[in-house]
>>> print(open('final25.cif').read())   # mmCIF, C-alpha atoms and all ligand atoms
data_my_file
#
loop_
_atom_site.group_PDB
_atom_site.id
_atom_site.type_symbol
_atom_site.label_atom_id
_atom_site.label_comp_id
_atom_site.auth_asym_id
_atom_site.auth_seq_id
_atom_site.Cartn_x
_atom_site.Cartn_y
_atom_site.Cartn_z
ATOM 1 C CA MET A 116 16.854 -6.073 -0.089
ATOM 2 C CA LYS A 117 16.005 -9.763 0.406
ATOM 3 C CA SER A 118 15.082 -12.357 -2.268
ATOM 4 C CA VAL A 119 13.200 -10.198 -4.753
ATOM 5 C CA LYS A 120 11.597 -12.050 -7.675
ATOM 6 C CA SER A 121 10.637 -10.744 -11.097
ATOM 7 C CA PRO A 122 8.084 -9.257 -11.535
ATOM 8 C CA LEU A 123 8.340 -7.179 -8.377
ATOM 9 C CA SER A 124 5.262 -7.317 -6.198
ATOM 10 C CA VAL A 125 3.950 -5.030 -3.471
ATOM 11 C CA LEU A 126 1.013 -5.401 -1.076
ATOM 12 C CA PHE A 127 -0.278 -2.303 0.750
ATOM 13 C CA VAL A 128 -1.986 -3.070 4.062
ATOM 14 C CA CYS A 129 -4.256 -1.115 6.408
ATOM 15 C CA LEU A 130 -6.986 -2.214 8.811
ATOM 16 C CA GLY A 131 -10.191 -2.314 6.754
ATOM 17 C CA ASN A 132 -8.851 -2.191 3.158
ATOM 18 C CA ILE A 133 -11.493 0.414 2.325
ATOM 19 C CA CYS A 134 -9.664 3.744 2.949
ATOM 20 C CA ARG A 135 -5.859 3.900 3.096
ATOM 21 C CA SER A 136 -4.537 0.768 1.376
ATOM 22 C CA PRO A 137 -6.882 0.883 -1.649
ATOM 23 C CA THR A 138 -5.886 4.542 -1.982
ATOM 24 C CA ALA A 139 -2.236 3.453 -1.923
ATOM 25 C CA GLU A 140 -2.943 0.725 -4.498
ATOM 26 C CA ALA A 141 -4.630 3.136 -6.938
ATOM 27 C CA VAL A 142 -2.194 6.026 -6.421
ATOM 28 C CA PHE A 143 0.921 3.851 -6.667
ATOM 29 C CA ARG A 144 -0.429 2.116 -9.797
ATOM 30 C CA GLN A 145 -1.050 5.482 -11.474
ATOM 31 C CA ILE A 146 2.304 6.997 -10.483
ATOM 32 C CA ILE A 147 4.050 3.859 -11.769
ATOM 33 C CA VAL A 148 2.332 4.410 -15.136
ATOM 34 C CA ASN A 149 3.517 8.027 -15.148
ATOM 35 C CA ARG A 150 7.144 7.037 -14.334
ATOM 36 C CA MET A 151 7.259 3.774 -16.321
ATOM 37 C CA ASN A 152 10.191 4.880 -18.480
ATOM 38 C CA GLU A 153 12.479 5.391 -15.464
ATOM 39 C CA GLY A 154 13.233 1.720 -14.808
ATOM 40 C CA SER A 155 12.539 -1.671 -16.365
ATOM 41 C CA MET A 156 11.352 -3.112 -13.036
ATOM 42 C CA LEU A 157 8.435 -0.661 -13.068
ATOM 43 C CA ARG A 158 6.919 -2.133 -16.238
ATOM 44 C CA ASP A 159 5.241 -5.238 -14.895
ATOM 45 C CA MET A 160 4.864 -4.797 -11.143
ATOM 46 C CA ILE A 161 2.154 -6.663 -9.236
ATOM 47 C CA ILE A 162 0.315 -4.164 -7.011
ATOM 48 C CA ASP A 163 -2.393 -5.147 -4.525
ATOM 49 C CA SER A 164 -3.881 -4.144 -1.167
ATOM 50 C CA ALA A 165 -5.518 -5.900 1.788
ATOM 51 C CA GLY A 166 -6.702 -5.317 5.340
ATOM 52 C CA THR A 167 -5.679 -7.035 8.561
ATOM 53 C CA GLY A 168 -9.367 -6.912 9.598
ATOM 54 C CA ALA A 169 -12.223 -8.896 8.080
ATOM 55 C CA TRP A 170 -15.195 -6.520 8.518
ATOM 56 C CA HIS A 171 -15.286 -5.129 4.987
ATOM 57 C CA ILE A 172 -14.366 -8.147 2.852
ATOM 58 C CA GLY A 173 -15.931 -7.732 -0.615
ATOM 59 C CA SER A 174 -16.796 -4.047 -0.096
ATOM 60 C CA GLN A 175 -15.992 -1.179 -2.412
ATOM 61 C CA PRO A 176 -13.634 1.438 -0.951
ATOM 62 C CA ASP A 177 -15.273 4.014 1.349
ATOM 63 C CA SER A 178 -17.190 6.573 -0.765
ATOM 64 C CA ARG A 179 -15.077 9.376 0.764
ATOM 65 C CA ALA A 180 -11.861 7.664 -0.343
ATOM 66 C CA ILE A 181 -13.274 7.188 -3.862
ATOM 67 C CA ALA A 182 -14.344 10.868 -3.999
ATOM 68 C CA ALA A 183 -11.020 12.201 -2.673
ATOM 69 C CA GLY A 184 -9.070 10.031 -5.114
ATOM 70 C CA ARG A 185 -11.241 11.146 -8.022
ATOM 71 C CA THR A 186 -10.396 14.824 -7.378
ATOM 72 C CA ARG A 187 -6.745 13.959 -8.124
ATOM 73 C CA GLY A 188 -7.436 11.610 -11.036
ATOM 74 C CA TYR A 189 -7.200 8.258 -9.207
ATOM 75 C CA ASP A 190 -9.919 5.635 -9.759
ATOM 76 C CA LEU A 191 -10.575 3.399 -6.732
ATOM 77 C CA SER A 192 -14.083 2.345 -7.751
ATOM 78 C CA SER A 193 -13.270 -1.117 -9.117
ATOM 79 C CA LEU A 194 -11.323 -2.232 -6.017
ATOM 80 C CA ARG A 195 -12.846 -4.657 -3.487
ATOM 81 C CA ALA A 196 -11.665 -5.278 0.054
ATOM 82 C CA ARG A 197 -9.986 -8.486 1.085
ATOM 83 C CA GLN A 198 -8.170 -9.681 4.188
ATOM 84 C CA VAL A 199 -4.443 -10.461 4.343
ATOM 85 C CA SER A 200 -3.888 -14.204 3.909
ATOM 86 C CA ASN A 201 -1.029 -16.575 4.728
ATOM 87 C CA GLN A 202 -0.462 -16.955 0.988
ATOM 88 C CA ASP A 203 0.414 -13.267 0.698
ATOM 89 C CA PHE A 204 3.662 -13.952 2.571
ATOM 90 C CA SER A 205 4.860 -16.298 -0.148
ATOM 91 C CA GLN A 206 3.651 -14.131 -3.027
ATOM 92 C CA PHE A 207 4.790 -10.569 -2.283
ATOM 93 C CA ASP A 208 8.282 -9.056 -2.229
ATOM 94 C CA PHE A 209 7.164 -5.976 -0.298
ATOM 95 C CA ILE A 210 4.408 -5.794 2.310
ATOM 96 C CA LEU A 211 3.961 -2.170 3.350
ATOM 97 C CA ALA A 212 1.803 -1.222 6.328
ATOM 98 C CA MET A 213 0.034 2.090 6.789
ATOM 99 C CA ASP A 214 0.605 2.239 10.545
ATOM 100 C CA ASN A 215 2.380 0.546 13.439
ATOM 101 C CA ASP A 216 -0.667 -1.382 14.703
ATOM 102 C CA ASN A 217 -1.067 -3.092 11.375
ATOM 103 C CA LEU A 218 2.700 -3.587 11.077
ATOM 104 C CA ARG A 219 2.690 -5.391 14.440
ATOM 105 C CA ASN A 220 -0.073 -7.737 13.289
ATOM 106 C CA LEU A 221 1.739 -8.347 10.011
ATOM 107 C CA ARG A 222 4.995 -9.115 11.853
ATOM 108 C CA ASN A 223 3.249 -11.857 13.815
ATOM 109 C CA LEU A 224 1.789 -13.339 10.636
ATOM 110 C CA SER A 225 5.094 -12.992 8.759
ATOM 111 C CA SER A 226 7.081 -14.990 11.314
ATOM 112 C CA LEU A 227 4.458 -17.755 11.231
ATOM 113 C CA ASN A 228 4.800 -17.792 7.440
ATOM 114 C CA ASN A 229 8.627 -17.498 7.153
ATOM 115 C CA PHE A 230 8.335 -14.317 5.101
ATOM 116 C CA ARG A 231 11.598 -13.528 3.225
ATOM 117 C CA GLY A 232 10.668 -10.168 1.711
ATOM 118 C CA HIS A 233 10.548 -6.597 2.993
ATOM 119 C CA LEU A 234 7.985 -5.827 5.682
ATOM 120 C CA GLY A 235 7.796 -2.250 6.950
ATOM 121 C CA LEU A 236 5.927 1.040 7.038
ATOM 122 C CA PHE A 237 5.031 2.600 3.690
ATOM 123 C CA LEU A 238 6.031 6.048 4.969
ATOM 124 C CA ASP A 239 9.596 4.795 5.572
ATOM 125 C CA PHE A 240 9.965 5.590 1.867
ATOM 126 C CA SER A 241 8.659 9.152 2.258
ATOM 127 C CA PRO A 242 10.643 12.281 3.091
ATOM 128 C CA SER A 243 7.681 13.283 5.291
ATOM 129 C CA SER A 244 8.338 13.579 9.025
ATOM 130 C CA GLU A 245 5.147 11.554 9.628
ATOM 131 C CA THR A 246 5.750 7.835 10.005
ATOM 132 C CA GLU A 247 2.146 6.556 9.837
ATOM 133 C CA VAL A 248 -0.780 7.181 7.492
ATOM 134 C CA PRO A 249 -3.518 8.127 9.996
ATOM 135 C CA ASP A 250 -6.820 6.272 9.867
ATOM 136 C CA PRO A 251 -9.318 8.693 8.241
ATOM 137 C CA TYR A 252 -12.404 6.488 8.793
ATOM 138 C CA TYR A 253 -13.920 8.337 11.766
ATOM 139 C CA GLY A 254 -12.964 11.846 10.591
ATOM 140 C CA GLY A 255 -13.942 14.308 7.876
ATOM 141 C CA SER A 256 -12.987 14.663 4.227
ATOM 142 C CA GLU A 257 -9.789 16.597 5.059
ATOM 143 C CA GLY A 258 -8.411 13.368 6.547
ATOM 144 C CA PHE A 259 -8.798 11.649 3.177
ATOM 145 C CA ASP A 260 -6.970 14.518 1.482
ATOM 146 C CA HIS A 261 -4.113 14.198 3.957
ATOM 147 C CA VAL A 262 -3.969 10.441 3.284
ATOM 148 C CA LEU A 263 -3.536 11.240 -0.420
ATOM 149 C CA ASP A 264 -0.715 13.721 0.288
ATOM 150 C CA LEU A 265 1.187 11.156 2.362
ATOM 151 C CA ILE A 266 0.601 8.325 -0.092
ATOM 152 C CA GLU A 267 1.651 10.354 -3.151
ATOM 153 C CA SER A 268 4.877 11.349 -1.411
ATOM 154 C CA ALA A 269 5.660 7.787 -0.250
ATOM 155 C CA SER A 270 4.838 6.386 -3.700
ATOM 156 C CA HIS A 271 7.466 8.620 -5.296
ATOM 157 C CA GLY A 272 9.957 7.746 -2.560
ATOM 158 C CA PHE A 273 9.314 4.013 -2.983
ATOM 159 C CA ILE A 274 9.744 4.264 -6.770
ATOM 160 C CA ASP A 275 13.010 6.190 -6.270
ATOM 161 C CA TYR A 276 14.160 3.367 -3.963
ATOM 162 C CA LEU A 277 13.217 0.658 -6.492
ATOM 163 C CA ILE A 278 15.046 2.474 -9.292
ATOM 164 C CA LYS A 279 18.157 2.810 -7.107
ATOM 165 C CA THR A 280 18.207 -0.769 -5.782
ATOM 166 C CA CYS A 281 16.547 -3.051 -8.350
ATOM 167 C CA ASP A 282 17.763 -2.031 -11.825
HETATM 168 P P1 LIG B 1 -8.689 1.687 6.605
HETATM 169 O O1 LIG B 1 -9.790 2.485 7.474
HETATM 170 O O2 LIG B 1 -7.968 0.786 7.569
HETATM 171 O O3 LIG B 1 -7.807 2.770 6.085
HETATM 172 O O4 LIG B 1 -9.445 0.945 5.538
HETATM 173 C C1 LIG B 1 -10.720 1.838 8.280
HETATM 174 C C2 LIG B 1 -11.876 1.341 7.738
HETATM 175 C C3 LIG B 1 -12.821 0.728 8.550
HETATM 176 C C4 LIG B 1 -12.596 0.634 9.901
HETATM 177 C C5 LIG B 1 -11.434 1.142 10.461
HETATM 178 C C6 LIG B 1 -10.489 1.739 9.642
HETATM 179 N N1 LIG B 1 -13.571 0.034 10.741
HETATM 180 O O5 LIG B 1 -13.390 0.045 11.967
HETATM 181 O O6 LIG B 1 -14.565 -0.495 10.246
#
>>> encode(input="final25.cif", output="structure tokens")
Amino acid sequence: MKSVKSPLSVLFVCLGNICRSPTAEAVFRQIIVNRMNEGSMLRDMIIDSAGTGAWHIGSQPDSRAIAAGRTRGYDLSSLRARQVSNQDFSQFDFILAMDNDNLRNLRNLSSLNNFRGHLGLFLDFSPSSETEVPDPYYGGSEGFDHVLDLIESASHGFIDYLIKTCD
């Protein structure tokens, strides 16, 4: 892993920052709380999310994402969408994309900003055979449930990785 600072920081990124990445932010934050005693680096992590697109800046997460999260005990309601900024590339150790389209956009921005951290797909940390978190925006509520399954699994895998590599 490259040039990680203390506290560790992670930015989850999707397209709109109203469905997948705010779900990742809330789920990861909660799972970190549950596993806090497994590693000192978990105690004061900076966790945030953003979108590569600008359409939903300032909006609450999609009501379907809030509802799906609530059924599993995750609270997304206080989150507000923002767009990825150049500053993010100097502030975060990990920038984790939900899919390859967003990863491609982030790669372009990261080379312009001389990013020294880890940029990759969030699901690289999951044992799941799926590599991308599919966009649930134009589908039904089952899509939001599937997003939660993938994000819970990747959150545990990412925490396992941090415990193994950062302590
Ligand atoms: P997200 O989902 O990237 O997971 O937040 C989307 C939200 C909005 C749109 C697309 C995807 N949109 O086209 O407005």
>>> axis_aligned_box(input="final25.cif", around="range 177-191 of chain A", padding_each_side="5 Å", output="JSON")
{"center_x": -12.0, "center_y": 9.1, "center_z": -4.8, "size_x": 20.4, "size_y": 21.4, "size_z": 22.4}
>>> residues_around(input="final25.cif", residues="range 226-243 of chain A", least_positions_apart="5", cutoff="9 Å", atoms="all atoms listed in the file", output="PDB file with C-alpha atoms, in the frame of the given file")
ATOM      1  CA  MET A 116      16.854  -6.073  -0.089  1.00  0.00           C
ATOM      2  CA  LYS A 117      16.005  -9.763   0.406  1.00  0.00           C
ATOM      3  CA  SER A 118      15.082 -12.357  -2.268  1.00  0.00           C
ATOM      4  CA  VAL A 119      13.200 -10.198  -4.753  1.00  0.00           C
ATOM      5  CA  PHE A 127      -0.278  -2.303   0.750  1.00  0.00           C
ATOM      6  CA  ASN A 201      -1.029 -16.575   4.728  1.00  0.00           C
ATOM      7  CA  GLN A 202      -0.462 -16.955   0.988  1.00  0.00           C
ATOM      8  CA  PHE A 204       3.662 -13.952   2.571  1.00  0.00           C
ATOM      9  CA  SER A 205       4.860 -16.298  -0.148  1.00  0.00           C
ATOM     10  CA  PHE A 207       4.790 -10.569  -2.283  1.00  0.00           C
ATOM     11  CA  ASP A 208       8.282  -9.056  -2.229  1.00  0.00           C
ATOM     12  CA  PHE A 209       7.164  -5.976  -0.298  1.00  0.00           C
ATOM     13  CA  ILE A 210       4.408  -5.794   2.310  1.00  0.00           C
ATOM     14  CA  LEU A 211       3.961  -2.170   3.350  1.00  0.00           C
ATOM     15  CA  ALA A 212       1.803  -1.222   6.328  1.00  0.00           C
ATOM     16  CA  MET A 213       0.034   2.090   6.789  1.00  0.00           C
ATOM     17  CA  ASP A 214       0.605   2.239  10.545  1.00  0.00           C
ATOM     18  CA  ASN A 215       2.380   0.546  13.439  1.00  0.00           C
ATOM     19  CA  LEU A 218       2.700  -3.587  11.077  1.00  0.00           C
ATOM     20  CA  LEU A 221       1.739  -8.347  10.011  1.00  0.00           C
ATOM     21  CA  VAL A 248      -0.780   7.181   7.492  1.00  0.00           C
ATOM     22  CA  LEU A 265       1.187  11.156   2.362  1.00  0.00           C
ATOM     23  CA  ILE A 266       0.601   8.325  -0.092  1.00  0.00           C
ATOM     24  CA  GLU A 267       1.651  10.354  -3.151  1.00  0.00           C
ATOM     25  CA  SER A 268       4.877  11.349  -1.411  1.00  0.00           C
ATOM     26  CA  ALA A 269       5.660   7.787  -0.250  1.00  0.00           C
ATOM     27  CA  SER A 270       4.838   6.386  -3.700  1.00  0.00           C
ATOM     28  CA  HIS A 271       7.466   8.620  -5.296  1.00  0.00           C
ATOM     29  CA  GLY A 272       9.957   7.746  -2.560  1.00  0.00           C
ATOM     30  CA  PHE A 273       9.314   4.013  -2.983  1.00  0.00           C
ATOM     31  CA  ILE A 274       9.744   4.264  -6.770  1.00  0.00           C
ATOM     32  CA  ASP A 275      13.010   6.190  -6.270  1.00  0.00           C
ATOM     33  CA  TYR A 276      14.160   3.367  -3.963  1.00  0.00           C
TER      34      TYR A 276
END
>>> resolve_selection(input="final25.cif", expression="the PyMOL selection byres (((chain A and resi 160) around 9) and not hetatm)", output="count of residues only")
13
>>> residues_near_ligand(input="final25.cif", ligand="ligand LIG 1 (chain B)", cutoff="8 Å", atoms="only C-alpha atoms and all ligand atoms", output="NGL selection string")
:A and (128-137 or 166 or 170-171 or 176-177 or 213 or 249-253)
>>> residues_around(input="final25.cif", residues="Ser256 in chain A", least_positions_apart="5", cutoff="12 Å", atoms="all atoms listed in the file", output="PyMOL selection string")
chain A and resi 134+177-184+186+250-251+261-263
>>> atom_distance(input="final25.cif", atom1="CA of Asp216 in chain A", atom2="CA of Leu126 in chain A")
16.4 Å
>>> atom_distance(input="final25.cif", atom1="CA of Lys279 in chain A", atom2="CA of Gly154 in chain A")
9.2 Å
>>> closest_residue(input="final25.cif", among="A:Ala169, A:Cys281, A:Val148, A:Leu224", to="Gln198 in chain A", atoms="all atoms listed in the file")
A:Ala169
>>> closest_residue(input="final25.cif", among="A:Thr167, A:Asn223, A:Thr138, A:Thr246", to="Arg185 in chain A", atoms="all atoms listed in the file")
A:Thr138
>>> closest_residue(input="final25.cif", among="A:Asp260, A:Glu247, A:Val142, A:Gly254", to="Gly188 in chain A", atoms="all atoms listed in the file")
A:Val142
>>> atom_distance(input="final25.cif", atom1="CA of Tyr189 in chain A", atom2="CA of Glu153 in chain A")
20.8 Å
>>> closest_residue(input="final25.cif", among="A:Asp264, A:Glu245, A:Glu140, A:Glu257", to="Leu194 in chain A", atoms="all atoms listed in the file")
A:Glu140
